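Coordinates as given in my_file28.pdb (PDB, C-alpha atoms, pLDDT in the B column):
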```pdb
MODEL        1
ATOM      1  CA  VAL A 272       0.000   0.000   0.000  1.00 60.00           C
ATOM      2  CA  GLU A 273       1.418   3.339  -1.018  1.00 78.00           C
ATOM      3  CA  GLN A 274       1.681   6.202   1.464  1.00 79.00           C
ATOM      4  CA  ARG A 275      -0.465   8.374  -0.797  1.00 73.00           C
ATOM      5  CA  ASP A 276      -3.267   5.773  -0.667  1.00 73.00           C
ATOM      6  CA  VAL A 277      -3.061   5.676   3.126  1.00 79.00           C
ATOM      7  CA  LEU A 278      -3.241   9.481   3.207  1.00 79.00           C
ATOM      8  CA  ARG A 279      -6.286   9.487   0.925  1.00 77.00           C
ATOM      9  CA  THR A 280      -8.042   6.929   3.109  1.00 79.00           C
ATOM     10  CA  LEU A 281      -7.339   8.898   6.286  1.00 83.00           C
ATOM     11  CA  LEU A 282      -8.477  12.172   4.723  1.00 83.00           C
ATOM     12  CA  TYR A 283     -11.656  10.517   3.460  1.00 82.00           C
ATOM     13  CA  LYS A 284     -12.454   9.158   6.934  1.00 85.00           C
ATOM     14  CA  LEU A 285     -11.741  12.588   8.377  1.00 89.00           C
ATOM     15  CA  LEU A 286     -14.136  14.123   5.833  1.00 88.00           C
ATOM     16  CA  LEU A 287     -16.886  11.679   6.856  1.00 88.00           C
ATOM     17  CA  VAL A 288     -16.405  12.494  10.541  1.00 92.00           C
ATOM     18  CA  ALA A 289     -16.288  16.238   9.816  1.00 94.00           C
ATOM     19  CA  CYS A 290     -19.614  15.954   7.977  1.00 93.00           C
ATOM     20  CA  GLN A 291     -21.122  14.016  10.889  1.00 93.00           C
ATOM     21  CA  VAL A 292     -20.175  16.665  13.453  1.00 96.00           C
ATOM     22  CA  GLY A 293     -20.579  19.754  11.278  1.00 95.00           C
ATOM     23  CA  ALA A 294     -16.926  20.840  11.374  1.00 95.00           C
ATOM     24  CA  HIS A 295     -17.271  23.570   8.747  1.00 92.00           C
ATOM     25  CA  PRO A 296     -13.658  24.889   8.873  1.00 92.00           C
ATOM     26  CA  LEU A 297     -12.204  21.397   8.574  1.00 92.00           C
ATOM     27  CA  ILE A 298     -14.478  20.618   5.625  1.00 90.00           C
ATOM     28  CA  HIS A 299     -13.296  23.813   3.904  1.00 87.00           C
ATOM     29  CA  LEU A 300      -9.702  22.640   4.362  1.00 87.00           C
ATOM     30  CA  LEU A 301     -10.475  19.153   3.049  1.00 85.00           C
ATOM     31  CA  LEU A 302     -12.213  20.645   0.021  1.00 82.00           C
ATOM     32  CA  GLN A 303      -8.945  22.416  -0.798  1.00 80.00           C
ATOM     33  CA  PHE A 304      -7.252  19.003  -0.842  1.00 73.00           C
ATOM     34  CA  GLU A 305     -10.054  17.785  -3.094  1.00 69.00           C
ATOM     35  CA  LYS A 306      -9.385  20.605  -5.559  1.00 68.00           C
ATOM     36  CA  ARG A 307      -5.748  19.504  -5.714  1.00 67.00           C
ATOM     37  CA  GLU A 308      -6.865  15.937  -6.439  1.00 61.00           C
ATOM     38  CA  ILE A 309      -5.341  14.636  -3.229  1.00 54.00           C
ATOM     39  CA  LEU A 310      -8.698  13.092  -2.378  1.00 53.00           C
ATOM     40  CA  THR A 311      -9.062  11.320  -5.711  1.00 58.00           C
ATOM     41  CA  LEU A 312      -9.693   7.606  -5.536  1.00 54.00           C
ATOM     42  CA  TYR A 313      -8.421   5.161  -8.114  1.00 51.00           C
ATOM     43  CA  ASP A 314     -10.470   2.061  -8.791  1.00 53.00           C
ATOM     44  CA  SER A 315      -8.134  -0.909  -8.380  1.00 55.00           C
ATOM     45  CA  SER A 316     -10.110  -2.960 -10.919  1.00 55.00           C
ATOM     46  CA  ASN A 317      -9.903  -0.138 -13.461  1.00 52.00           C
ATOM     47  CA  PRO A 318      -6.866   2.112 -12.811  1.00 49.00           C
ATOM     48  CA  THR A 319      -7.980   4.647 -15.417  1.00 49.00           C
ATOM     49  CA  LEU A 320     -11.214   5.262 -13.510  1.00 46.00           C
ATOM     50  CA  GLN A 321     -10.864   8.148 -11.072  1.00 50.00           C
ATOM     51  CA  LYS A 322     -13.500   9.278  -8.608  1.00 57.00           C
ATOM     52  CA  SER A 323     -13.629  12.167  -6.200  1.00 61.00           C
ATOM     53  CA  MET A 324     -13.910  11.168  -2.550  1.00 63.00           C
ATOM     54  CA  LEU A 325     -16.844  13.547  -2.268  1.00 61.00           C
ATOM     55  CA  PHE A 326     -18.815  11.022  -4.307  1.00 61.00           C
ATOM     56  CA  ALA A 327     -17.383   7.934  -2.628  1.00 66.00           C
ATOM     57  CA  ARG A 328     -19.757   5.909  -0.524  1.00 66.00           C
ATOM     58  CA  HIS A 329     -19.048   4.390   2.878  1.00 65.00           C
ATOM     59  CA  PRO A 330     -18.067   0.777   2.164  1.00 63.00           C
ATOM     60  CA  HIS A 331     -20.670  -0.753   4.506  1.00 66.00           C
ATOM     61  CA  LEU A 332     -23.453   1.816   4.745  1.00 71.00           C
ATOM     62  CA  GLY A 333     -23.342   3.361   1.287  1.00 74.00           C
ATOM     63  CA  PHE A 334     -23.449   6.942   2.599  1.00 82.00           C
ATOM     64  CA  THR A 335     -21.603   9.816   0.958  1.00 83.00           C
ATOM     65  CA  PRO A 336     -20.305  12.852   2.889  1.00 87.00           C
ATOM     66  CA  LEU A 337     -23.489  14.674   1.776  1.00 88.00           C
ATOM     67  CA  HIS A 338     -25.665  11.933   3.290  1.00 89.00           C
ATOM     68  CA  TYR A 339     -23.831  12.218   6.615  1.00 90.00           C
ATOM     69  CA  ALA A 340     -24.159  16.005   6.740  1.00 93.00           C
ATOM     70  CA  ALA A 341     -27.885  15.954   5.935  1.00 93.00           C
ATOM     71  CA  PHE A 342     -28.656  12.990   8.214  1.00 92.00           C
ATOM     72  CA  HIS A 343     -27.023  14.711  11.188  1.00 95.00           C
ATOM     73  CA  GLY A 344     -28.813  17.995  10.459  1.00 96.00           C
ATOM     74  CA  PHE A 345     -25.831  20.016   9.269  1.00 95.00           C
ATOM     75  CA  TYR A 346     -27.593  21.658   6.363  1.00 94.00           C
ATOM     76  CA  GLY A 347     -24.946  24.378   6.079  1.00 94.00           C
ATOM     77  CA  VAL A 348     -22.339  21.674   5.516  1.00 93.00           C
ATOM     78  CA  ALA A 349     -24.630  19.974   2.980  1.00 92.00           C
ATOM     79  CA  ARG A 350     -25.063  23.303   1.190  1.00 92.00           C
ATOM     80  CA  LEU A 351     -21.283  23.813   1.174  1.00 90.00           C
ATOM     81  CA  LEU A 352     -20.742  20.379  -0.392  1.00 87.00           C
ATOM     82  CA  LEU A 353     -23.367  21.123  -3.034  1.00 86.00           C
ATOM     83  CA  GLU A 354     -21.846  24.547  -3.770  1.00 85.00           C
ATOM     84  CA  GLU A 355     -18.458  22.905  -4.214  1.00 78.00           C
ATOM     85  CA  GLY A 356     -19.824  20.789  -7.043  1.00 70.00           C
ATOM     86  CA  LEU A 357     -21.158  17.696  -5.359  1.00 59.00           C
ATOM     87  CA  ALA A 358     -23.870  16.027  -7.430  1.00 49.00           C
ATOM     88  CA  GLN A 359     -27.357  16.457  -6.056  1.00 48.00           C
ATOM     89  CA  ASN A 360     -28.470  12.835  -6.318  1.00 47.00           C
TER      90      ASN A 360
ENDMDL
END
```
Kindly transcribe the structure held in the file into structure tokens.
Amino acid sequence: VEQRDVLRTLLYKLLLVACQVGAHPLIHLLLQFEKREILTLYDSSNPTLQKSMLFARHPHLGFTPLHYAAFHGFYGVARLLLEEGLAQN
């Protein structure tokens, strides 16, 4: 496992937690990483397929960061994610 993959996984988990607790400043910071493609996932079965971690689903529950923010009532965080280009589905 490459260090960059470990970093991406940790940042993704941090993003999920930040969305669950409404940590607006931390989410802003993580979105800056996203813009630099640090939070880009690579599908191991198809290495050419890239996906933003903002769209990635929790492996067991299927929730995205947007789901977590809305479920926990952090509508400002949900709005921020939508404004930053997250799909509205």
### Message
I need the residue nearest Ala340 in chain A from this list: A:Cys290, A:Glu273, A:Leu285, A:Thr280. Use only C-alpha atoms for the distance.
### Response
A:Cys290
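Our summary of the geometry notes that CA of Arg275 in chain A is positioned 28.8 Å from CA of Arg350 in chain A.
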### Query
Residues around (-17.9, 24.1, 4.3), cut-off 7 Å, counting all atoms listed in the file - what are they as a ChimeraX atom specification?
/A:295-296,298-299,348,351-352
Picked residues, the PyMOL selection byres ((chain A and resi 286) around 10), as a PDB file with C-alpha atoms, keeping the file's coordinate frame:
```pdb
ATOM      1  CA  THR A 280      -8.042   6.929   3.109  1.00 79.00           C
ATOM      2  CA  LEU A 281      -7.339   8.898   6.286  1.00 83.00           C
ATOM      3  CA  LEU A 282      -8.477  12.172   4.723  1.00 83.00           C
ATOM      4  CA  TYR A 283     -11.656  10.517   3.460  1.00 82.00           C
ATOM      5  CA  LYS A 284     -12.454   9.158   6.934  1.00 85.00           C
ATOM      6  CA  LEU A 285     -11.741  12.588   8.377  1.00 89.00           C
ATOM      7  CA  LEU A 287     -16.886  11.679   6.856  1.00 88.00           C
ATOM      8  CA  VAL A 288     -16.405  12.494  10.541  1.00 92.00           C
ATOM      9  CA  ALA A 289     -16.288  16.238   9.816  1.00 94.00           C
ATOM     10  CA  CYS A 290     -19.614  15.954   7.977  1.00 93.00           C
ATOM     11  CA  GLN A 291     -21.122  14.016  10.889  1.00 93.00           C
ATOM     12  CA  ALA A 294     -16.926  20.840  11.374  1.00 95.00           C
ATOM     13  CA  LEU A 297     -12.204  21.397   8.574  1.00 92.00           C
ATOM     14  CA  ILE A 298     -14.478  20.618   5.625  1.00 90.00           C
ATOM     15  CA  HIS A 299     -13.296  23.813   3.904  1.00 87.00           C
ATOM     16  CA  LEU A 300      -9.702  22.640   4.362  1.00 87.00           C
ATOM     17  CA  LEU A 301     -10.475  19.153   3.049  1.00 85.00           C
ATOM     18  CA  LEU A 302     -12.213  20.645   0.021  1.00 82.00           C
ATOM     19  CA  LEU A 310      -8.698  13.092  -2.378  1.00 53.00           C
ATOM     20  CA  MET A 324     -13.910  11.168  -2.550  1.00 63.00           C
ATOM     21  CA  LEU A 325     -16.844  13.547  -2.268  1.00 61.00           C
ATOM     22  CA  THR A 335     -21.603   9.816   0.958  1.00 83.00           C
ATOM     23  CA  PRO A 336     -20.305  12.852   2.889  1.00 87.00           C
ATOM     24  CA  TYR A 339     -23.831  12.218   6.615  1.00 90.00           C
TER      25      TYR A 339
END
```
#### Entry: Atom-to-atom span, CA of Val277 in chain A and CA of Leu332 in chain A, Å
20.8 Å
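Going from CA of Leu353 in chain A to CA of Arg279 in chain A covers 21.0 Å.
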